[in-house]
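**Q** File upload.cif below, mmCIF, C-alpha atoms:
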data_data
#
loop_
_atom_site.label_atom_id
_atom_site.label_comp_id
_atom_site.auth_asym_id
_atom_site.auth_seq_id
_atom_site.Cartn_x
_atom_site.Cartn_y
_atom_site.Cartn_z
CA MET A 785 51.96 -4.17 -7.19
CA LEU A 786 50.82 -3.28 -3.67
CA LYS A 787 50.12 0.31 -4.72
CA ARG A 788 48.04 -0.96 -7.66
CA LEU A 789 46.08 -3.24 -5.32
CA PHE A 790 45.29 -0.33 -3.01
CA PHE A 791 44.32 1.80 -6.01
CA LEU A 792 41.88 -0.86 -7.30
CA LEU A 793 40.46 -1.30 -3.81
CA ALA A 794 39.93 2.45 -3.49
CA CYS A 795 38.23 2.57 -6.89
CA SER A 796 35.96 -0.32 -5.94
CA LEU A 797 34.95 1.35 -2.69
CA SER A 798 34.32 4.61 -4.52
CA LEU A 799 32.12 2.90 -7.10
CA PHE A 800 30.25 1.04 -4.34
CA ALA A 801 29.63 4.28 -2.46
CA SER A 802 28.50 5.98 -5.67
CA ALA A 803 26.04 3.17 -6.38
CA GLN A 804 24.73 3.28 -2.82
CA ASN A 805 24.25 7.05 -3.03
CA LYS A 806 21.84 6.56 -5.92
CA LEU A 807 19.46 4.79 -3.57
CA PRO A 808 17.28 6.80 -1.19
CA THR A 809 17.20 6.57 2.58
CA ILE A 810 14.35 6.67 5.10
CA GLN A 811 13.89 9.57 7.47
CA VAL A 812 11.77 8.68 10.51
CA LEU A 813 9.43 11.58 11.31
CA THR A 814 7.42 10.24 14.26
CA LYS A 815 7.48 7.15 16.49
CA ASP A 816 6.90 5.78 19.99
CA THR A 817 3.14 6.27 20.24
CA LYS A 818 0.68 3.49 21.04
CA THR A 819 -1.12 3.38 17.70
CA SER A 820 -0.40 0.97 14.85
CA LEU A 821 -0.72 2.84 11.55
CA ARG A 822 -1.86 0.94 8.46
CA GLY A 823 -3.87 3.61 6.63
CA LEU A 824 -1.91 6.18 4.61
CA SER A 825 -3.03 8.69 1.99
CA VAL A 826 -0.65 11.25 0.48
CA VAL A 827 -2.61 14.02 -1.24
CA ASN A 828 0.39 16.07 -2.40
CA ASP A 829 3.90 16.95 -1.28
CA ARG A 830 2.59 18.77 1.80
CA VAL A 831 -0.70 17.11 2.78
CA VAL A 832 -0.63 13.56 4.18
CA TRP A 833 -3.09 11.63 6.38
CA VAL A 834 -2.61 8.41 8.40
CA SER A 835 -5.05 6.19 10.30
CA GLY A 836 -4.67 3.38 12.78
CA SER A 837 -5.65 1.61 15.96
CA GLY A 838 -7.23 3.29 18.98
CA GLY A 839 -9.43 5.38 16.69
CA THR A 840 -6.37 7.45 15.77
CA ILE A 841 -6.03 9.81 12.80
CA GLY A 842 -2.96 11.90 11.99
CA LYS A 843 -2.53 14.74 9.52
CA SER A 844 0.32 16.92 8.32
CA THR A 845 -0.05 19.96 6.07
CA ASP A 846 3.62 20.94 5.99
CA GLY A 847 5.29 17.94 4.41
CA GLY A 848 5.60 15.95 7.63
CA GLU A 849 7.31 18.64 9.70
CA THR A 850 4.44 18.75 12.20
CA TRP A 851 1.45 16.47 12.85
CA LYS A 852 -2.02 16.96 14.25
CA TRP A 853 -3.30 13.88 16.06
CA MET A 854 -6.99 13.11 16.58
CA VAL A 855 -9.05 10.32 18.12
CA VAL A 856 -12.48 9.91 16.53
CA LYS A 857 -15.14 10.37 19.19
CA GLY A 858 -17.17 7.22 19.77
CA PHE A 859 -14.59 5.10 17.93
CA GLU A 860 -11.79 5.17 20.47
CA LYS A 861 -11.36 1.39 20.41
CA ARG A 862 -11.68 0.92 16.66
CA ASP A 863 -8.96 0.15 14.14
CA PHE A 864 -9.00 2.35 11.04
CA ARG A 865 -7.06 0.16 8.60
CA ASP A 866 -7.40 2.43 5.57
CA ILE A 867 -7.87 6.10 4.72
CA GLU A 868 -8.45 8.03 1.50
CA ALA A 869 -7.86 11.79 1.64
CA PHE A 870 -8.78 14.28 -1.06
CA ASP A 871 -7.34 17.48 0.44
CA ALA A 872 -6.49 18.98 3.83
CA THR A 873 -10.12 18.97 4.96
CA THR A 874 -11.77 15.96 3.28
CA ALA A 875 -11.04 12.27 4.00
CA VAL A 876 -12.74 8.87 4.28
CA ILE A 877 -11.71 6.24 6.85
CA MET A 878 -12.57 2.54 7.22
CA ALA A 879 -13.16 0.67 10.51
CA VAL A 880 -12.81 -3.01 9.76
CA ASP A 881 -15.32 -5.01 11.83
CA ALA A 882 -17.84 -5.52 14.65
CA PRO A 883 -19.58 -3.68 13.02
CA ALA A 884 -17.82 -2.36 9.93
CA TYR A 885 -17.97 1.41 9.44
CA ILE A 886 -16.91 3.97 6.86
CA LEU A 887 -16.67 7.55 8.13
CA LYS A 888 -16.09 10.86 6.34
CA THR A 889 -14.86 14.29 7.41
CA VAL A 890 -15.18 17.57 5.52
CA ASP A 891 -13.73 19.82 8.23
CA GLY A 892 -10.20 18.49 8.56
CA GLY A 893 -11.03 15.78 11.09
CA ILE A 894 -12.83 17.93 13.66
CA SER A 895 -15.99 15.87 13.10
CA TRP A 896 -16.74 12.58 11.34
CA LYS A 897 -19.99 11.32 9.86
CA ALA A 898 -20.80 7.61 9.54
CA VAL A 899 -21.59 7.13 5.84
CA TYR A 900 -21.74 3.32 5.94
CA GLU A 901 -22.47 0.70 8.61
CA ASN A 902 -22.65 -3.09 8.28
CA LYS A 903 -23.50 -5.33 11.23
CA THR A 904 -23.46 -8.60 9.26
CA GLU A 905 -21.84 -11.40 11.21
CA GLY A 906 -18.36 -12.09 9.88
CA MET A 907 -18.05 -8.70 8.19
CA PHE A 908 -14.41 -7.56 7.93
CA LEU A 909 -13.37 -4.75 5.60
CA ASP A 910 -9.84 -4.93 4.20
CA ALA A 911 -9.12 -1.95 1.97
CA MET A 912 -10.46 0.92 -0.11
CA ALA A 913 -9.38 2.36 -3.46
CA PHE A 914 -10.50 5.44 -5.39
CA TRP A 915 -10.22 6.21 -9.08
CA ASN A 916 -10.86 9.92 -8.46
CA GLU A 917 -12.66 12.17 -5.95
CA ASN A 918 -16.01 10.57 -6.76
CA ALA A 919 -15.60 6.89 -7.65
CA GLY A 920 -14.33 4.40 -5.08
CA ILE A 921 -14.52 0.77 -4.00
CA VAL A 922 -14.22 -1.10 -0.70
CA LEU A 923 -13.24 -4.76 -0.35
CA GLY A 924 -14.06 -7.17 2.47
CA ASP A 925 -13.45 -10.78 3.45
CA PRO A 926 -15.78 -13.48 2.10
CA ILE A 927 -19.26 -13.86 3.55
CA GLY A 928 -21.20 -16.87 2.37
CA GLY A 929 -18.31 -17.83 0.11
CA LYS A 930 -18.16 -14.50 -1.77
CA PHE A 931 -15.94 -11.45 -1.28
CA PHE A 932 -17.74 -8.36 -0.04
CA VAL A 933 -17.59 -5.42 -2.46
CA ALA A 934 -19.31 -2.03 -2.24
CA ARG A 935 -19.03 1.07 -4.46
CA THR A 936 -19.37 4.82 -4.08
CA PHE A 937 -19.88 7.37 -6.84
CA ASP A 938 -20.27 10.50 -4.71
CA GLY A 939 -16.92 10.78 -2.97
CA GLY A 940 -17.74 8.35 -0.19
CA ASN A 941 -20.93 10.08 0.96
CA SER A 942 -22.86 6.87 0.30
CA TRP A 943 -21.93 3.25 -0.42
CA LYS A 944 -23.88 0.49 -2.12
CA GLU A 945 -23.07 -3.19 -1.93
CA ILE A 946 -22.84 -4.79 -5.38
CA PRO A 947 -25.39 -7.53 -6.20
CA ASP A 948 -24.51 -10.95 -4.83
CA ALA A 949 -24.43 -12.42 -8.34
CA TYR A 950 -21.49 -10.16 -9.24
CA LYS A 951 -19.37 -10.77 -6.14
CA PRO A 952 -16.14 -12.73 -6.71
CA VAL A 953 -16.29 -16.30 -5.39
CA ALA A 954 -13.71 -17.24 -2.75
CA ASP A 955 -12.09 -20.62 -2.35
CA SER A 956 -11.98 -22.44 0.99
CA GLY A 957 -9.49 -20.76 3.33
CA GLU A 958 -9.03 -17.77 1.01
CA ALA A 959 -9.33 -14.21 2.33
CA CYS A 960 -7.70 -10.78 2.16
CA PHE A 961 -5.20 -9.09 4.45
CA ALA A 962 -6.07 -5.70 5.94
CA ALA A 963 -2.36 -5.02 6.19
CA SER A 964 -1.82 -1.78 4.28
CA GLY A 965 -4.91 -0.76 2.33
CA THR A 966 -3.11 -1.73 -0.89
CA ASN A 967 -4.49 -5.17 -1.75
CA ILE A 968 -7.05 -3.49 -4.03
CA ARG A 969 -6.13 -0.94 -6.70
CA PRO A 970 -7.56 0.75 -9.78
CA LEU A 971 -6.49 -1.33 -12.76
CA ASP A 972 -7.53 1.14 -15.44
CA ARG A 973 -10.26 3.76 -15.77
CA ASP A 974 -13.05 1.22 -15.32
CA GLU A 975 -11.71 -1.85 -13.51
CA ALA A 976 -10.19 -2.68 -10.14
CA VAL A 977 -7.86 -5.52 -9.20
CA PHE A 978 -7.36 -7.19 -5.82
CA VAL A 979 -5.17 -9.95 -4.38
CA THR A 980 -5.90 -12.60 -1.78
CA GLY A 981 -4.02 -14.89 0.59
CA GLY A 982 -4.38 -17.75 3.02
CA LEU A 983 -4.72 -21.32 1.82
CA LYS A 984 -4.98 -19.95 -1.73
CA SER A 985 -3.57 -16.74 -3.16
CA ARG A 986 -5.04 -15.26 -6.33
CA LEU A 987 -5.44 -12.05 -8.30
CA PHE A 988 -9.02 -11.02 -9.21
CA ILE A 989 -10.15 -8.87 -12.12
CA ARG A 990 -13.97 -8.77 -11.93
CA ASP A 991 -14.96 -12.45 -11.82
CA SER A 992 -11.69 -13.65 -13.33
CA ALA A 993 -9.41 -15.32 -10.76
CA ILE A 994 -5.73 -15.79 -11.63
CA ALA A 995 -3.54 -18.11 -9.58
CA LEU A 996 -0.46 -16.47 -8.08
CA PRO A 997 2.90 -18.23 -7.62
CA ILE A 998 3.46 -16.44 -4.31
CA THR A 999 3.92 -18.53 -1.15
CA GLN A 1000 0.56 -19.81 0.17
CA GLY A 1001 -1.11 -22.71 1.95
CA LYS A 1002 -1.31 -21.25 5.48
CA GLU A 1003 -3.61 -18.66 7.00
CA THR A 1004 -0.63 -16.32 7.35
CA THR A 1005 0.64 -16.61 3.78
CA GLY A 1006 -0.18 -15.08 0.41
CA ALA A 1007 -0.32 -11.76 -1.37
CA ASN A 1008 -0.68 -8.61 0.73
CA SER A 1009 -0.34 -5.85 -1.83
CA VAL A 1010 -0.60 -5.17 -5.55
CA ALA A 1011 0.75 -2.16 -7.46
CA VAL A 1012 -0.33 -1.23 -10.97
CA LEU A 1013 1.72 0.72 -13.51
CA ASP A 1014 -0.17 3.37 -15.50
CA ALA A 1015 -3.54 2.51 -13.96
CA ASN A 1016 -4.85 5.96 -14.86
CA ARG A 1017 -4.64 5.22 -18.58
CA LEU A 1018 -7.54 3.88 -20.60
CA HIS A 1019 -5.78 0.58 -21.28
CA GLY A 1020 -3.54 0.54 -18.21
CA GLY A 1021 -3.07 -2.35 -15.85
CA THR A 1022 -0.87 -4.54 -18.02
CA THR A 1023 2.12 -4.38 -15.67
CA MET A 1024 1.60 -5.24 -11.99
CA MET A 1025 3.75 -6.06 -8.98
CA VAL A 1026 2.57 -8.31 -6.13
CA VAL A 1027 4.26 -8.73 -2.74
CA GLY A 1028 3.51 -10.75 0.38
CA GLY A 1029 4.97 -13.84 2.01
CA ASP A 1030 4.35 -15.24 5.47
CA PHE A 1031 3.92 -12.66 8.23
CA ASN A 1032 4.59 -15.36 10.82
CA ASN A 1033 8.01 -15.84 9.21
CA PRO A 1034 8.81 -12.22 8.28
CA LYS A 1035 12.48 -12.75 7.38
CA SER A 1036 11.74 -15.43 4.78
CA THR A 1037 12.48 -14.39 1.21
CA GLU A 1038 10.79 -17.41 -0.34
CA ALA A 1039 8.32 -16.59 -3.15
CA ASN A 1040 7.43 -13.17 -1.71
CA CYS A 1041 7.42 -11.02 -4.86
CA PHE A 1042 6.31 -11.45 -8.49
CA TYR A 1043 5.52 -9.20 -11.44
CA THR A 1044 3.55 -9.51 -14.66
CA THR A 1045 3.71 -7.53 -17.89
CA ASP A 1046 0.74 -9.20 -19.57
CA ARG A 1047 -2.12 -8.53 -17.15
CA GLY A 1048 -1.51 -11.64 -15.09
CA LYS A 1049 -1.13 -14.28 -17.81
CA THR A 1050 2.45 -14.97 -16.74
CA TRP A 1051 4.45 -14.09 -13.61
CA THR A 1052 8.17 -13.59 -13.05
CA ALA A 1053 10.13 -13.62 -9.81
CA PRO A 1054 12.85 -10.98 -9.30
CA LYS A 1055 16.44 -12.10 -9.75
CA LYS A 1056 17.04 -10.53 -6.34
CA GLY A 1057 13.90 -10.11 -4.25
CA PRO A 1058 12.87 -8.09 -1.20
CA LEU A 1059 14.45 -9.08 2.11
CA GLY A 1060 11.45 -10.69 3.76
CA TYR A 1061 7.67 -10.55 4.07
CA ARG A 1062 6.30 -7.36 2.53
CA SER A 1063 2.86 -5.82 3.08
CA SER A 1064 2.90 -2.89 0.65
CA VAL A 1065 4.40 -2.05 -2.74
CA GLU A 1066 4.23 1.11 -4.85
CA TYR A 1067 5.25 2.09 -8.38
CA LEU A 1068 7.12 5.40 -8.35
CA SER A 1069 7.87 5.33 -12.07
CA LYS A 1070 8.23 2.70 -14.77
CA LYS A 1071 11.60 1.63 -13.36
CA HIS A 1072 11.50 2.69 -9.73
CA LEU A 1073 9.48 0.87 -7.04
CA ILE A 1074 9.47 0.68 -3.27
CA THR A 1075 8.17 -2.02 -0.93
CA CYS A 1076 8.02 -2.32 2.84
CA GLY A 1077 7.26 -4.77 5.63
CA ILE A 1078 7.90 -5.32 9.30
CA THR A 1079 11.59 -6.16 8.70
CA GLY A 1080 12.50 -3.25 6.45
CA VAL A 1081 12.22 -1.34 3.18
CA ASP A 1082 13.47 -2.34 -0.29
CA TYR A 1083 13.94 -0.31 -3.46
CA SER A 1084 14.19 -1.24 -7.14
CA THR A 1085 15.58 0.84 -10.00
CA ASP A 1086 15.00 -1.68 -12.79
CA GLY A 1087 11.27 -2.29 -12.79
CA GLY A 1088 11.33 -4.81 -9.95
CA LYS A 1089 13.83 -7.23 -11.48
CA THR A 1090 16.21 -6.66 -8.55
CA TRP A 1091 15.68 -5.14 -5.10
CA ASP A 1092 18.06 -3.57 -2.59
CA GLY A 1093 17.36 -3.10 1.09
CA ILE A 1094 17.53 0.59 2.03
CA SER A 1095 16.36 0.39 5.66
CA THR A 1096 15.77 -2.09 8.45
CA GLU A 1097 13.03 0.14 9.88
CA GLY A 1098 9.74 -1.75 9.80
CA PHE A 1099 6.65 -0.24 8.16
CA HIS A 1100 3.21 -1.52 7.15
CA VAL A 1101 2.43 0.77 4.21
CA VAL A 1102 4.13 3.02 1.66
CA ARG A 1103 2.47 5.49 -0.71
CA ILE A 1104 3.57 8.19 -3.15
CA ALA A 1105 1.75 11.52 -3.41
CA LYS A 1106 -1.24 11.47 -5.75
CA ASN A 1107 -0.35 14.97 -6.90
CA GLY A 1108 3.36 15.23 -6.29
CA ALA A 1109 6.46 13.13 -5.77
CA THR A 1110 6.95 12.74 -2.02
CA ILE A 1111 6.83 9.20 -0.59
CA TYR A 1112 5.71 8.38 2.95
CA LEU A 1113 5.60 5.20 5.05
CA ALA A 1114 3.65 4.30 8.19
CA GLY A 1115 3.85 1.45 10.68
CA SER A 1116 3.61 0.26 14.27
CA ASN A 1117 4.14 2.44 17.36
CA GLY A 1118 3.01 5.54 15.47
CA LYS A 1119 6.03 5.38 13.17
CA ILE A 1120 5.93 7.58 10.06
CA GLY A 1121 8.77 7.76 7.58
CA LYS A 1122 9.68 9.76 4.52
CA VAL A 1123 11.83 8.75 1.57
CA VAL A 1124 14.84 11.04 1.23
CA TYR A 1125 17.00 11.27 -1.88
CA GLY A 1126 20.39 12.92 -2.32
CA GLN A 1127 20.90 16.67 -2.17
CA ASN A 1128 20.37 17.03 -5.89
CA ARG A 1129 16.96 15.37 -5.60
CA LYS A 1130 15.65 17.77 -2.94
CA ASN A 1131 13.83 14.91 -1.21
CA SER A 1132 11.62 14.26 -4.21
CA ILE A 1133 11.60 11.81 -7.07
CA LYS A 1134 12.13 13.18 -10.57
CA PHE A 1135 12.97 10.68 -13.27
#
Is it possible to give me this structure as structure tokens?
**A**
Amino acid sequence: MLKRLFFLLACSLSLFASAQNKLPTIQVLTKDTKTSLRGLSVVNDRVVWVSGSGGTIGKSTDGGETWKWMVVKGFEKRDFRDIEAFDATTAVIMAVDAPAYILKTVDGGISWKAVYENKTEGMFLDAMAFWNENAGIVLGDPIGGKFFVARTFDGGNSWKEIPDAYKPVADSGEACFAASGTNIRPLDRDEAVFVTGGLKSRLFIRDSAIALPITQGKETTGANSVAVLDANRLHGGTTMMVVGGDFNNPKSTEANCFYTTDRGKTWTAPKKGPLGYRSSVEYLSKKHLITCGITGVDYSTDGGKTWDGISTEGFHVVRIAKNGATIYLAGSNGKIGKVVYGQNRKNSIKF
């Protein structure tokens, strides 16, 4: 009987280890620098850009093995909360406020040109999103009760604010979080979607505002990130994942993650959710997702119905390569991470 008990215990441990091995781990590539990184753009499996505080930009062209660090001249005290890179030489960065700027480089970060400036009082840019190398959108906090939105159709060389009549109307105490550059996303080939937080948390599709069941009611609560499945398809955007919580209570798991499969008509909470406040979420495939926050990283293999913690390393943002399969993360103190799978996966995701 004792031998049988030990045998069953050994089998259980083996099965547990096997299950754990199916989940990836996080490899920390850089850390212990003074910049807080919230902008992250992964062009392909080798080219990745990051942006952050202190006017700092980082770039790797060898899959994260080595990094080139730059400080944008004249913007040494600015916080670049989002970045969109198109290749190893071309990228657009966003400085959030006082005044708000969008800059572009075409020489790998050696020089930057200001392509947009806004000195309006109260201006605060939150995030950018691009459908392709030409069409993009930038989102900002409400001014005069309406969310700021501007568009580009020439790869970020110029930006035009949309007419006031078409700007989404904000509720009292409602704003956006410039936490990871992922609270606005392409929804399909024509539309974008963004999420808000604060005293009210909603999901916006054009002028349609959908109430979210995520925790809200305080300035520090609400949705921080939205991910869209199959956004590149003509009729994509049916399935979305939203994460957030309360960044003043980062270990709380209360109402911090929800998903929809009907374009926001109904929302479902995971049976087992992420382990705390989360600021970024990304679809890796139909079934596989990853989310991160200042208390760790969680992974789902069943479409977001259940989540497992895979690291206690804190990160602000996670993104998968636009043309590839490698997944990177970025966070405080210059920390950059990379998702690593088992030996048979060769550090990439192939489902």
**Q** Applying 8 Å and only C-alpha atoms, which residues near stretch 866-876 of chain A remain after dropping the ones on its own chain fewer than 5 positions away? List them as a VMD selection string.
**A** chain A and resid 822 to 827 831 to 836 845 886 to 893 910 to 914 917 940 964 to 965
**Q** Could you list, as a PyMOL selection string, every residue within 6 Å of A:Gly982, counting only C-alpha atoms and ignoring same-chain residues fewer than 2 positions away?
**A** chain A and resi 957-958+984+1002-1006
**Q** What does the distance from atom CA of A:Trp915 to atom CA of A:Thr1085 come to in Å, to one decimal?
**A**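 Between atom CA of A:Trp915 and atom CA of A:Thr1085 the gap is 26.4 Å.
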**Q** Would you translate the PyMOL selection byres ((chain A and resi 1114) around 10) into the concrete set of residues it matches in this file, as a tab-separated table (two decimals) with C-alpha atoms, in the frame of the given file?
**A**
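Dumped to part.tsv:
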chain	number	residue	atom	x	y	z
A	812	VAL	CA	11.77	8.68	10.51
A	813	LEU	CA	9.43	11.58	11.31
A	814	THR	CA	7.42	10.24	14.26
A	815	LYS	CA	7.48	7.15	16.49
A	820	SER	CA	-0.40	0.97	14.85
A	821	LEU	CA	-0.72	2.84	11.55
A	822	ARG	CA	-1.86	0.94	8.46
A	823	GLY	CA	-3.87	3.61	6.63
A	824	LEU	CA	-1.91	6.18	4.61
A	834	VAL	CA	-2.61	8.41	8.40
A	835	SER	CA	-5.05	6.19	10.30
A	836	GLY	CA	-4.67	3.38	12.78
A	964	SER	CA	-1.82	-1.78	4.28
A	1076	CYS	CA	8.02	-2.32	2.84
A	1098	GLY	CA	9.74	-1.75	9.80
A	1099	PHE	CA	6.65	-0.24	8.16
A	1100	HIS	CA	3.21	-1.52	7.15
A	1101	VAL	CA	2.43	0.77	4.21
A	1102	VAL	CA	4.13	3.02	1.66
A	1103	ARG	CA	2.47	5.49	-0.71
A	1112	TYR	CA	5.71	8.38	2.95
A	1113	LEU	CA	5.60	5.20	5.05
A	1115	GLY	CA	3.85	1.45	10.68
A	1116	SER	CA	3.61	0.26	14.27
A	1117	ASN	CA	4.14	2.44	17.36
A	1118	GLY	CA	3.01	5.54	15.47
A	1119	LYS	CA	6.03	5.38	13.17
A	1120	ILE	CA	5.93	7.58	10.06
A	1121	GLY	CA	8.77	7.76	7.58
A	1122	LYS	CA	9.68	9.76	4.52
**Q** Between atom CA of A:Gly1028 and atom CA of A:Pro1058, what is the spacing in Å?
**A**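 Those two atoms sit 9.9 Å apart.
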**Q** Carefully work through the PyMOL selection byres ((chain A and resi 1026) around 9) for this structure and note down the residues it includes, as number ranges by chain.
**A** A: 967, 979, 996, 998, 1007-1011, 1024-1025, 1027-1028, 1040-1044, 1064-1065
**Q** Once the PyMOL selection byres ((chain A and resi 901-905) around 12) has been applied to the shown file, what residues remain in the selection, as a list in words?
**A**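 Evaluating the PyMOL selection byres ((chain A and resi 901-905) around 12) on these coordinates yields Met878, Ala879, Val880, Asp881, Ala882, Pro883, Ala884, Tyr885, Ile886, Leu887, Lys897, Ala898, Val899, Tyr900, Gly906, Met907, Phe908, Leu909, Gly924, Asp925, Pro926, Ile927, Gly928, Phe932, Ala934, Ser942, Trp943, Lys944 and Glu945 of chain A.
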**Q** Hey, can you check how far atom CA of A:Gly1080 sits from atom CA of A:Asn1016?
**A**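 These two atoms are separated by 29.0 Å.
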**Q** Choose the residue, out of A:Lys1035, A:Lys1089, A:Lys1106, A:His1019, that has the smallest atom-to-atom separation from A:Leu1068; count all atoms listed in the file.
**A**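 Of A:Lys1035, A:Lys1089, A:Lys1106, A:His1019, the one nearest A:Leu1068 is A:Lys1106, counting all atoms listed in the file.
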**Q** Name the closest residue to A:Leu971 among the candidates A:Ile1111, A:Ala919, A:Ile989, A:Ala954; distances are taken between atoms, counting all atoms listed in the file.
**A**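 The answer is A:Ile989, which sits nearest to A:Leu971.
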